[in-house]
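Raw contents of query.cif, mmCIF, C-alpha atoms:
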```cif
data_start
#
loop_
_atom_site.label_atom_id
_atom_site.label_comp_id
_atom_site.auth_asym_id
_atom_site.auth_seq_id
_atom_site.Cartn_x
_atom_site.Cartn_y
_atom_site.Cartn_z
CA MET I 1 -18.66 -15.86 -12.69
CA PRO I 2 -21.33 -14.83 -15.27
CA ALA I 3 -23.81 -17.17 -16.90
CA GLU I 4 -22.15 -16.85 -20.33
CA MET I 5 -19.08 -18.62 -18.99
CA ALA I 6 -21.29 -21.15 -17.23
CA ARG I 7 -22.83 -22.12 -20.55
CA ASP I 8 -19.37 -22.56 -22.03
CA LEU I 9 -18.43 -24.83 -19.16
CA GLU I 10 -21.56 -26.92 -19.53
CA GLU I 11 -21.02 -27.35 -23.23
CA THR I 12 -17.49 -28.64 -22.73
CA GLY I 13 -18.96 -31.75 -21.17
CA SER I 14 -20.56 -32.70 -24.52
CA SER I 15 -17.81 -31.50 -26.88
CA SER I 16 -16.13 -33.81 -29.36
CA GLU I 17 -13.17 -35.98 -28.40
CA GLU I 18 -10.94 -33.66 -30.40
CA ASP I 19 -11.83 -30.70 -28.18
CA VAL I 20 -12.10 -32.40 -24.80
CA VAL I 21 -8.81 -33.07 -23.04
CA VAL I 22 -10.24 -33.87 -19.61
CA GLU I 23 -13.65 -34.65 -18.19
CA GLY I 24 -16.15 -31.87 -17.70
CA PRO I 25 -15.56 -29.38 -14.86
CA GLU I 26 -18.65 -30.26 -12.83
CA ASP I 27 -16.61 -31.94 -10.10
CA HIS I 28 -13.45 -29.87 -10.36
CA PRO I 29 -12.15 -28.87 -6.88
CA CYS I 30 -11.95 -25.23 -7.99
CA ILE I 31 -15.61 -24.93 -8.96
CA MET I 32 -18.66 -24.57 -6.74
CA TRP I 33 -21.98 -24.50 -8.56
CA THR I 34 -24.86 -22.29 -7.51
CA GLY I 35 -28.07 -20.96 -8.98
CA GLY I 36 -30.89 -22.93 -10.55
CA TYR I 37 -29.82 -26.19 -12.19
CA ARG I 38 -26.18 -25.51 -11.17
CA ARG I 39 -25.77 -23.00 -13.96
CA ILE I 40 -23.55 -20.45 -12.20
CA PRO I 41 -20.03 -21.59 -11.28
CA ILE I 42 -18.01 -19.91 -8.54
CA LEU I 43 -14.25 -20.22 -8.80
CA VAL I 44 -12.51 -21.37 -5.63
CA PHE I 45 -8.80 -20.59 -5.39
CA HIS I 46 -6.45 -22.88 -3.46
CA ALA I 47 -3.36 -21.22 -2.02
CA GLU I 48 -1.39 -24.48 -1.97
CA ALA I 49 -1.56 -24.57 -5.78
CA ILE I 50 1.23 -22.00 -5.84
CA LEU I 51 3.56 -24.58 -4.31
CA THR I 52 2.22 -27.79 -5.83
CA LYS I 53 1.87 -26.42 -9.39
CA ASP I 54 -0.89 -28.99 -9.94
CA SER I 55 -1.71 -29.24 -13.66
CA TYR I 56 -5.29 -30.25 -12.87
CA ILE I 57 -5.74 -27.03 -10.87
CA ARG I 58 -4.34 -25.03 -13.79
CA LEU I 59 -7.15 -26.35 -15.98
CA ILE I 60 -9.60 -24.05 -14.21
CA GLY I 61 -8.22 -21.10 -16.14
CA GLU I 62 -7.30 -23.04 -19.24
CA ALA I 63 -10.59 -24.98 -19.47
CA PHE I 64 -12.18 -22.29 -21.57
CA GLN I 65 -9.75 -23.21 -24.32
CA LEU I 66 -11.66 -26.46 -24.71
CA HIS I 67 -14.68 -24.75 -26.23
CA ALA I 68 -14.51 -23.01 -29.59
CA GLY I 69 -16.37 -19.72 -29.61
CA MET I 70 -18.41 -18.18 -32.40
CA ASP I 71 -15.26 -16.97 -34.13
CA GLY I 72 -13.53 -20.32 -33.80
CA GLU I 73 -10.95 -19.03 -31.31
CA ARG I 74 -10.38 -20.77 -28.02
CA TYR I 75 -10.91 -18.72 -24.87
CA ARG I 76 -8.75 -18.61 -21.77
CA LEU I 77 -9.30 -16.69 -18.55
CA SER I 78 -6.92 -13.78 -18.27
CA TYR I 79 -5.94 -11.03 -15.86
CA LYS I 80 -3.91 -7.86 -15.72
CA ILE I 81 -2.16 -6.12 -12.86
CA VAL I 82 -2.02 -2.33 -12.99
CA ARG I 83 0.01 0.12 -10.86
CA THR I 84 0.89 -2.38 -8.15
CA ASP I 85 3.27 -5.28 -7.57
CA SER I 86 0.93 -7.92 -6.18
CA ARG I 87 3.17 -10.93 -6.50
CA LEU I 88 0.91 -13.17 -4.44
CA VAL I 89 -2.10 -12.38 -6.63
CA ARG I 90 -0.05 -13.01 -9.77
CA SER I 91 1.26 -16.33 -8.44
CA LEU I 92 -2.22 -17.47 -7.36
CA LEU I 93 -3.88 -16.65 -10.67
CA THR I 94 -1.06 -18.17 -12.71
CA ALA I 95 -1.21 -21.36 -10.65
CA HIS I 96 -4.89 -21.63 -11.60
CA GLY I 97 -4.23 -21.30 -15.32
CA PHE I 98 -5.05 -17.61 -15.80
CA ARG I 99 -2.99 -15.86 -18.47
CA GLU I 100 -1.51 -12.43 -17.72
CA VAL I 101 -2.05 -9.75 -20.37
CA HIS I 102 -0.49 -6.32 -20.79
CA PRO I 103 -1.79 -3.59 -18.45
CA SER I 104 -3.11 -1.66 -21.46
CA SER I 105 -5.08 -4.62 -22.84
CA ASN I 106 -8.88 -4.66 -22.73
CA GLU I 107 -9.01 -8.44 -23.15
CA TYR I 108 -9.12 -9.55 -19.54
CA ASN I 109 -11.48 -11.10 -17.01
CA LEU I 110 -9.87 -9.67 -13.88
CA MET I 111 -8.12 -6.35 -13.35
CA TRP I 112 -6.15 -6.05 -10.12
CA THR I 113 -5.13 -2.45 -9.68
CA GLY I 114 -3.44 -0.44 -6.96
CA SER I 115 -5.19 2.82 -7.84
CA HIS I 116 -8.71 4.13 -8.18
CA LEU I 117 -10.31 3.81 -11.60
CA LYS I 118 -11.48 6.75 -13.68
CA PRO I 119 -15.21 6.84 -14.50
CA TYR I 120 -14.59 6.24 -18.21
CA VAL I 121 -12.76 2.98 -17.38
CA LEU I 122 -15.60 1.79 -15.16
CA ARG I 123 -18.14 2.53 -17.90
CA THR I 124 -16.29 0.25 -20.34
CA LEU I 125 -16.41 -2.83 -18.09
CA THR I 126 -18.34 -5.76 -19.50
CA ASP I 127 -20.34 -8.34 -17.58
CA ILE I 128 -17.50 -10.89 -17.82
CA GLN I 129 -14.92 -8.58 -16.26
CA LYS I 130 -14.15 -7.86 -12.61
CA VAL I 131 -12.04 -5.20 -10.91
CA ASN I 132 -10.87 -4.92 -7.30
CA HIS I 133 -12.17 -1.39 -6.74
CA PHE I 134 -15.50 0.31 -6.29
CA PRO I 135 -15.92 3.91 -7.42
CA ARG I 136 -15.41 6.42 -4.59
CA SER I 137 -13.83 3.77 -2.36
CA TYR I 138 -11.62 6.57 -1.03
CA GLU I 139 -14.62 7.39 1.17
CA LEU I 140 -13.30 4.56 3.34
CA THR I 141 -9.58 4.40 2.60
CA ARG I 142 -8.70 8.07 3.16
CA LYS I 143 -8.54 8.83 6.86
CA ASP I 144 -10.14 12.26 6.50
CA ARG I 145 -13.07 10.92 4.48
CA LEU I 146 -13.59 8.02 6.87
CA TYR I 147 -13.64 10.44 9.80
CA LYS I 148 -16.18 12.72 8.09
CA ASN I 149 -18.42 9.79 7.18
CA ILE I 150 -18.33 8.43 10.73
CA ASN I 151 -18.95 11.91 12.10
CA ARG I 152 -22.00 12.29 9.87
CA MET I 153 -23.40 8.98 11.12
CA GLN I 154 -22.80 10.04 14.72
CA GLN I 155 -24.83 13.18 14.14
CA ALA I 156 -27.62 11.21 12.48
CA TYR I 157 -27.81 8.19 14.80
CA GLY I 158 -26.07 9.25 17.98
CA PHE I 159 -22.47 9.37 19.09
CA LYS I 160 -22.70 6.23 21.20
CA THR I 161 -24.09 4.15 18.33
CA PHE I 162 -21.18 5.04 16.04
CA HIS I 163 -18.41 5.42 18.59
CA VAL I 164 -15.89 3.49 16.49
CA LEU I 165 -13.11 6.11 16.28
CA PRO I 166 -11.21 7.98 18.97
CA GLN I 167 -11.96 11.71 19.16
CA THR I 168 -10.47 13.15 15.98
CA PHE I 169 -9.89 16.51 14.30
CA ILE I 170 -8.84 17.42 10.76
CA LEU I 171 -6.20 20.12 10.74
CA PRO I 172 -5.68 22.91 9.92
CA GLY I 173 -9.45 23.37 9.42
CA GLU I 174 -10.39 22.24 12.96
CA TYR I 175 -7.31 23.53 14.73
CA GLN I 176 -9.24 25.76 17.14
CA GLU I 177 -11.62 22.94 18.06
CA PHE I 178 -8.61 20.73 18.72
CA CYS I 179 -7.01 23.37 20.95
CA ASN I 180 -10.25 23.68 22.92
CA SER I 181 -10.34 19.92 23.46
CA TYR I 182 -6.62 19.86 24.30
CA ALA I 183 -7.21 22.41 27.04
CA LYS I 184 -9.49 19.86 28.71
CA ASP I 185 -7.34 16.81 28.00
CA ARG I 186 -3.64 17.30 27.27
CA GLY I 187 -3.30 13.93 25.71
CA PRO I 188 -1.13 12.49 24.39
CA TRP I 189 -2.51 12.80 20.86
CA ILE I 190 -1.46 11.02 17.68
CA VAL I 191 -0.91 12.76 14.34
CA LYS I 192 -1.42 11.01 10.98
CA PRO I 193 -1.35 12.16 7.34
CA VAL I 194 -4.79 11.86 5.74
CA ALA I 195 -3.58 9.65 2.86
CA SER I 196 -0.61 7.63 4.01
CA SER I 197 0.11 4.09 5.21
CA ARG I 198 2.65 1.84 6.93
CA GLY I 199 3.27 4.31 9.74
CA ARG I 200 4.73 6.97 7.46
CA GLY I 201 4.40 10.46 8.91
CA VAL I 202 2.81 9.25 12.17
CA TYR I 203 3.98 10.73 15.47
CA LEU I 204 2.73 11.48 18.99
CA ILE I 205 2.44 14.92 20.59
CA ASN I 206 1.58 16.38 23.98
CA SER I 207 1.31 19.99 22.82
CA PRO I 208 -0.35 21.72 19.81
CA ASN I 209 2.95 23.53 19.24
CA GLN I 210 4.49 20.24 18.11
CA ILE I 211 2.16 19.98 15.10
CA SER I 212 3.15 21.01 11.59
CA LEU I 213 0.22 22.61 9.76
CA GLU I 214 1.79 22.62 6.31
CA GLU I 215 -0.53 19.86 5.06
CA ASN I 216 -3.86 18.27 5.96
CA ILE I 217 -3.50 15.89 8.89
CA LEU I 218 -5.62 14.01 11.37
CA VAL I 219 -5.10 14.43 15.10
CA SER I 220 -6.73 11.78 17.25
CA ARG I 221 -6.86 11.16 20.96
CA TYR I 222 -4.20 8.53 21.60
CA ILE I 223 -5.38 5.32 23.26
CA SER I 224 -2.92 5.61 26.12
CA ASN I 225 -4.26 2.58 28.04
CA PRO I 226 -4.14 -0.14 25.35
CA LEU I 227 -4.63 -3.80 26.10
CA LEU I 228 -1.15 -5.37 26.31
CA ILE I 229 0.29 -8.83 25.85
CA ASP I 230 3.48 -9.44 27.83
CA ASP I 231 3.65 -5.64 28.29
CA PHE I 232 3.79 -5.02 24.52
CA LYS I 233 1.30 -2.96 22.58
CA PHE I 234 -0.33 -4.72 19.63
CA ASP I 235 -2.96 -4.17 16.99
CA VAL I 236 -5.08 -6.62 15.05
CA ARG I 237 -5.44 -6.76 11.28
CA LEU I 238 -8.49 -8.36 9.70
CA TYR I 239 -9.38 -8.93 6.06
CA VAL I 240 -12.77 -8.01 4.65
CA LEU I 241 -14.29 -8.61 1.22
CA VAL I 242 -17.13 -6.45 -0.07
CA THR I 243 -18.81 -7.80 -3.21
CA SER I 244 -21.76 -5.40 -3.42
CA TYR I 245 -23.00 -2.12 -1.95
CA ASP I 246 -26.59 -2.48 -3.24
CA PRO I 247 -27.43 -4.69 -1.46
CA LEU I 248 -24.50 -4.48 0.94
CA VAL I 249 -22.64 -7.81 1.10
CA ILE I 250 -19.64 -8.17 3.45
CA TYR I 251 -17.44 -11.20 4.07
CA LEU I 252 -15.02 -11.35 7.02
CA TYR I 253 -12.04 -13.67 6.70
CA GLU I 254 -11.83 -16.06 9.64
CA GLU I 255 -8.14 -15.44 10.35
CA GLY I 256 -6.08 -12.31 10.88
CA LEU I 257 -2.82 -10.98 12.26
CA ALA I 258 -1.73 -9.52 15.58
CA ARG I 259 1.25 -7.19 15.17
CA PHE I 260 3.40 -6.24 18.12
CA ALA I 261 5.58 -3.29 18.94
CA THR I 262 9.22 -4.11 19.73
CA VAL I 263 9.65 -2.08 22.95
CA ARG I 264 7.63 -2.69 26.10
CA TYR I 265 4.91 -0.12 26.63
CA ASP I 266 5.37 2.73 29.10
CA GLN I 267 2.99 5.68 29.43
CA GLY I 268 5.77 8.02 30.53
CA ALA I 269 6.03 11.29 28.58
CA LYS I 270 9.76 10.69 28.05
CA ASN I 271 8.89 7.83 25.64
CA ILE I 272 6.49 9.79 23.47
CA LYS I 273 8.86 9.82 20.48
CA ASN I 274 9.70 6.13 20.62
CA GLN I 275 7.95 4.72 17.53
CA PHE I 276 9.03 1.16 18.37
CA MET I 277 6.93 1.42 21.54
CA HIS I 278 3.83 3.17 20.24
CA LEU I 279 3.47 2.01 16.63
CA THR I 280 2.76 -1.56 15.65
CA ASN I 281 3.33 -1.28 11.89
CA TYR I 282 5.61 -3.95 10.47
CA SER I 283 7.22 -1.35 8.21
CA VAL I 284 8.30 0.54 11.33
CA ASN I 285 9.26 -2.29 13.69
CA LYS I 286 11.23 -4.35 11.17
CA LYS I 287 13.91 -1.65 11.53
CA SER I 288 14.21 -2.33 15.25
CA GLY I 289 17.08 -4.44 16.51
CA ASP I 290 14.58 -6.16 18.81
CA TYR I 291 12.30 -7.32 16.00
CA VAL I 292 11.75 -11.09 16.09
CA SER I 293 10.49 -12.92 13.03
CA CYS I 294 9.11 -16.44 12.88
CA ASP I 295 9.78 -18.52 9.78
CA ASP I 296 7.88 -21.60 10.95
CA PRO I 297 4.30 -21.47 9.54
CA GLU I 298 3.16 -23.95 12.22
CA VAL I 299 4.08 -21.58 15.08
CA GLU I 300 1.42 -18.90 15.57
CA ASP I 301 2.39 -17.21 18.85
CA TYR I 302 6.06 -16.35 18.55
CA GLY I 303 7.82 -13.15 17.54
CA ASN I 304 6.29 -9.84 16.55
CA LYS I 305 3.52 -11.34 14.43
CA TRP I 306 0.95 -13.76 15.77
CA SER I 307 -2.10 -15.20 14.13
CA MET I 308 -5.32 -13.66 15.38
CA SER I 309 -6.37 -17.11 16.58
CA ALA I 310 -3.28 -17.32 18.80
CA MET I 311 -3.99 -13.85 20.16
CA LEU I 312 -7.60 -14.80 20.97
CA ARG I 313 -6.50 -18.00 22.67
CA TYR I 314 -4.08 -16.02 24.83
CA LEU I 315 -6.75 -13.49 25.82
CA LYS I 316 -9.23 -16.25 26.61
CA GLN I 317 -6.69 -17.92 28.89
CA GLU I 318 -6.34 -14.55 30.63
CA GLY I 319 -10.07 -14.55 31.31
CA LYS I 320 -11.14 -12.16 28.56
CA ASP I 321 -14.49 -12.56 26.82
CA THR I 322 -13.23 -13.14 23.27
CA THR I 323 -16.72 -13.90 21.93
CA ALA I 324 -17.93 -10.45 22.94
CA LEU I 325 -14.70 -8.94 21.63
CA MET I 326 -15.16 -10.40 18.14
CA ALA I 327 -18.81 -9.35 18.13
CA SER I 328 -17.63 -5.79 18.81
CA VAL I 329 -15.06 -6.07 16.01
CA GLU I 330 -17.72 -7.20 13.53
CA ASP I 331 -19.94 -4.33 14.67
CA LEU I 332 -17.08 -1.88 14.08
CA ILE I 333 -16.41 -3.19 10.57
CA ILE I 334 -20.07 -3.10 9.56
CA LYS I 335 -20.59 0.43 10.84
CA THR I 336 -17.52 1.87 9.15
CA ILE I 337 -18.58 0.40 5.80
CA ILE I 338 -22.18 1.53 6.28
CA SER I 339 -20.92 5.08 6.82
CA ALA I 340 -19.83 5.21 3.15
CA GLU I 341 -22.46 2.87 1.72
CA LEU I 342 -24.70 5.55 0.19
CA ALA I 343 -21.86 7.45 -1.53
CA ILE I 344 -20.33 4.31 -3.04
CA ALA I 345 -23.65 2.73 -4.04
CA THR I 346 -24.66 5.96 -5.78
CA ALA I 347 -21.36 6.08 -7.67
CA CYS I 348 -21.83 2.45 -8.76
CA LYS I 349 -25.23 3.27 -10.26
CA ALA I 350 -23.73 6.25 -12.09
CA PHE I 351 -20.54 4.68 -13.47
CA VAL I 352 -20.75 0.87 -13.40
CA PRO I 353 -22.91 -0.62 -16.19
CA HIS I 354 -23.19 -4.13 -14.75
CA ARG I 355 -23.83 -5.48 -11.27
CA GLY I 356 -21.19 -7.70 -9.77
CA VAL I 357 -18.15 -6.47 -11.67
CA CYS I 358 -16.63 -4.58 -8.72
CA PHE I 359 -15.33 -6.00 -5.48
CA ALA I 360 -13.05 -4.70 -2.76
CA TRP I 361 -10.74 -6.68 -0.53
CA ARG I 362 -9.55 -4.54 2.37
CA HIS I 363 -7.72 -4.86 5.62
CA TYR I 364 -8.83 -3.30 8.88
CA ALA I 365 -6.39 -2.46 11.63
CA PHE I 366 -7.74 -1.81 15.10
CA CYS I 367 -6.38 -1.35 18.59
CA LEU I 368 -7.94 -2.73 21.76
CA GLY I 369 -8.39 -0.42 24.71
CA ILE I 370 -8.07 -1.64 28.27
CA ASP I 371 -11.89 -1.82 28.21
CA HIS I 372 -11.47 -4.45 25.44
CA LEU I 373 -13.39 -2.29 22.99
CA PRO I 374 -11.90 -2.08 19.49
CA TYR I 375 -11.08 1.29 17.95
CA ALA I 376 -10.55 1.57 14.20
CA LEU I 377 -7.07 2.73 13.29
CA LYS I 378 -7.41 2.59 9.53
CA GLN I 379 -8.88 0.78 6.55
CA SER I 380 -6.77 0.23 3.45
CA PRO I 381 -7.02 -1.56 0.13
CA VAL I 382 -5.22 -4.89 0.16
CA ALA I 383 -3.65 -4.27 -3.25
CA ASP I 384 -0.84 -2.21 -1.77
CA ILE I 385 0.04 -4.58 1.08
CA ILE I 386 -0.68 -8.07 -0.19
CA ARG I 387 2.94 -8.57 -1.19
CA TYR I 388 3.87 -8.64 2.50
CA TYR I 389 1.38 -11.04 3.99
CA TRP I 390 0.43 -14.64 3.39
CA ILE I 391 -3.05 -15.39 4.59
CA LYS I 392 -3.28 -18.90 5.97
#
```
Re-express the file's structure as structure tokens.
Amino acid sequence: MPAEMARDLEETGSSSEEDVVVEGPEDHPCIMWTGGYRRIPILVFHAEAILTKDSYIRLIGEAFQLHAGMDGERYRLSYKIVRTDSRLVRSLLTAHGFREVHPSSNEYNLMWTGSHLKPYVLRTLTDIQKVNHFPRSYELTRKDRLYKNINRMQQAYGFKTFHVLPQTFILPGEYQEFCNSYAKDRGPWIVKPVASSRGRGVYLINSPNQISLEENILVSRYISNPLLIDDFKFDVRLYVLVTSYDPLVIYLYEEGLARFATVRYDQGAKNIKNQFMHLTNYSVNKKSGDYVSCDDPEVEDYGNKWSMSAMLRYLKQEGKDTTALMASVEDLIIKTIISAELAIATACKAFVPHRGVCFAWRHYAFCLGIDHLPYALKQSPVADIIRYYWIK
């Protein structure tokens, strides 16, 4: 939070009895102070506040009403949600006293949006506003752009250094190169739209003739020997927060999800069209009659969704080196973000007038090969999926 708000908070501690409803915020559980002389407060959000509806927690957003500004009006932290239905974000902010304003309003402290922002919107941001997107973040979230950025880094620093994606081609532009590679390795291969999510439009092939070239698609070598748990394929979803690209600052959330397919894995060609075997997306497998959900938040290793901690405990019991695995995962995340660092940092300098107003909270999905090495499957903004997942 900016220093202007910090000064407001400090002054509330010496306001008149008429203005002060509670004690100053110095020891409030939702505030961590940093900077010289504790002048810069960092807001800490507590998920349990959604359930407890604690009035003291709500004061964190309402506290700014305690101080009269230059114009005599009281100030309250506010937010707006644009082009997305992020119910969890709305509930969390409301529980902390933030007031929701209309999507067209310019009087907000936080904008949570499900779409990329136009340059003219970024240029109007003030130093007391934040938005959950960086300019040109599609360099990471679009599969074709991510592939091209990784490919560029491979050419610059060596294929082995940036071997974080399976062999991939963008069609129809690289159709001939794909056919040449297919002649050496008939697959199977996996086809994905360049700008889609939740398993939509994804299918496996074992012949170029099975591909539709009506739109831009990615074709990647399918990881046909994935690491399995109880004979089921799974992927792992992690959550990453980027608060700056210059300098690059990345935070990795300590917990994640393991998502399982609903049909036991079989490499046989006869099963190539069985999405419940090959895809791990919740949006796909929830339609399976074999999908098992777990409603008990205390149980982490039951059904088709496990916590990442439960998955790591299982692998460790099986003799896997989970420390090395997570080090490889962190390496994968850092390298994929670095691949787009220059483009995004340059766009920030061109369009964003103040440092620190942009942030990006994203999820990474990756699959483990039998060699225990992670391979990036995709990176997506959290705004479009946060309604489905509660992060413990």
**Q.** Target residues per the PyMOL selection byres ((chain I and resi 246-249) around 12), formatted as JSON, numbers by chain
**A.** {"I": [134, 240, 241, 242, 243, 244, 245, 250, 251, 252, 334, 335, 337, 338, 339, 340, 341, 342, 343, 344, 345, 346, 347, 348, 349, 355, 356, 358, 359, 360]}
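Here the question is which of I:Arg99, I:Arg259, I:Arg237, I:His46 gets nearest to Ala365 (chain I) using only C-alpha atoms, and that residue is I:Arg237.
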Name the residues that the PyMOL selection byres ((chain I and resi 118) around 12) picks from the file above, as a PDB file with C-alpha atoms, keeping the file's coordinate frame, using the file's chain letters and numbers.
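As written to disk, selection18.pdb reads:
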```
ATOM      1  CA  THR I 113      -5.130  -2.450  -9.680  1.00  0.00           C
ATOM      2  CA  SER I 115      -5.190   2.820  -7.840  1.00  0.00           C
ATOM      3  CA  HIS I 116      -8.710   4.130  -8.180  1.00  0.00           C
ATOM      4  CA  LEU I 117     -10.310   3.810 -11.600  1.00  0.00           C
ATOM      5  CA  PRO I 119     -15.210   6.840 -14.500  1.00  0.00           C
ATOM      6  CA  TYR I 120     -14.590   6.240 -18.210  1.00  0.00           C
ATOM      7  CA  VAL I 121     -12.760   2.980 -17.380  1.00  0.00           C
ATOM      8  CA  LEU I 122     -15.600   1.790 -15.160  1.00  0.00           C
ATOM      9  CA  ARG I 123     -18.140   2.530 -17.900  1.00  0.00           C
ATOM     10  CA  THR I 124     -16.290   0.250 -20.340  1.00  0.00           C
ATOM     11  CA  LEU I 125     -16.410  -2.830 -18.090  1.00  0.00           C
ATOM     12  CA  HIS I 133     -12.170  -1.390  -6.740  1.00  0.00           C
ATOM     13  CA  PHE I 134     -15.500   0.310  -6.290  1.00  0.00           C
ATOM     14  CA  PRO I 135     -15.920   3.910  -7.420  1.00  0.00           C
ATOM     15  CA  ARG I 136     -15.410   6.420  -4.590  1.00  0.00           C
ATOM     16  CA  SER I 137     -13.830   3.770  -2.360  1.00  0.00           C
ATOM     17  CA  ALA I 347     -21.360   6.080  -7.670  1.00  0.00           C
ATOM     18  CA  PHE I 351     -20.540   4.680 -13.470  1.00  0.00           C
ATOM     19  CA  VAL I 352     -20.750   0.870 -13.400  1.00  0.00           C
TER      20      VAL I 352
END
```
Could you produce a table of the residues of region 291-326 of chain I lying within 9 Å of region 225-236 of chain I, with the nearest pair of atoms per residue and their separation in Å rounded to one decimal, using all atoms listed in the file, ordered by chain and increasing residue number, as CSV?
```
residue,atom,partner,partner_atom,distance
I:Asn304,CA,I:Phe234,CA,8.9
I:Met308,CA,I:Val236,CA,7.1
I:Met311,CA,I:Ile229,CA,8.7
I:Tyr314,CA,I:Ile229,CA,8.5
I:Leu315,CA,I:Ile229,CA,8.4
```
**Q.** I:Ile211, I:Val357, I:Leu257, I:Cys367 ranked by distance to Leu325 (chain I), top pick (using all atoms listed in the file)
**A.** I:Cys367
**Q.** Atom pair CA of Ser105 (chain I) / CA of Gln129 (chain I): separation (Å)
**A.**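 Between CA of Ser105 (chain I) and CA of Gln129 (chain I) the gap works out to 12.5 Å.
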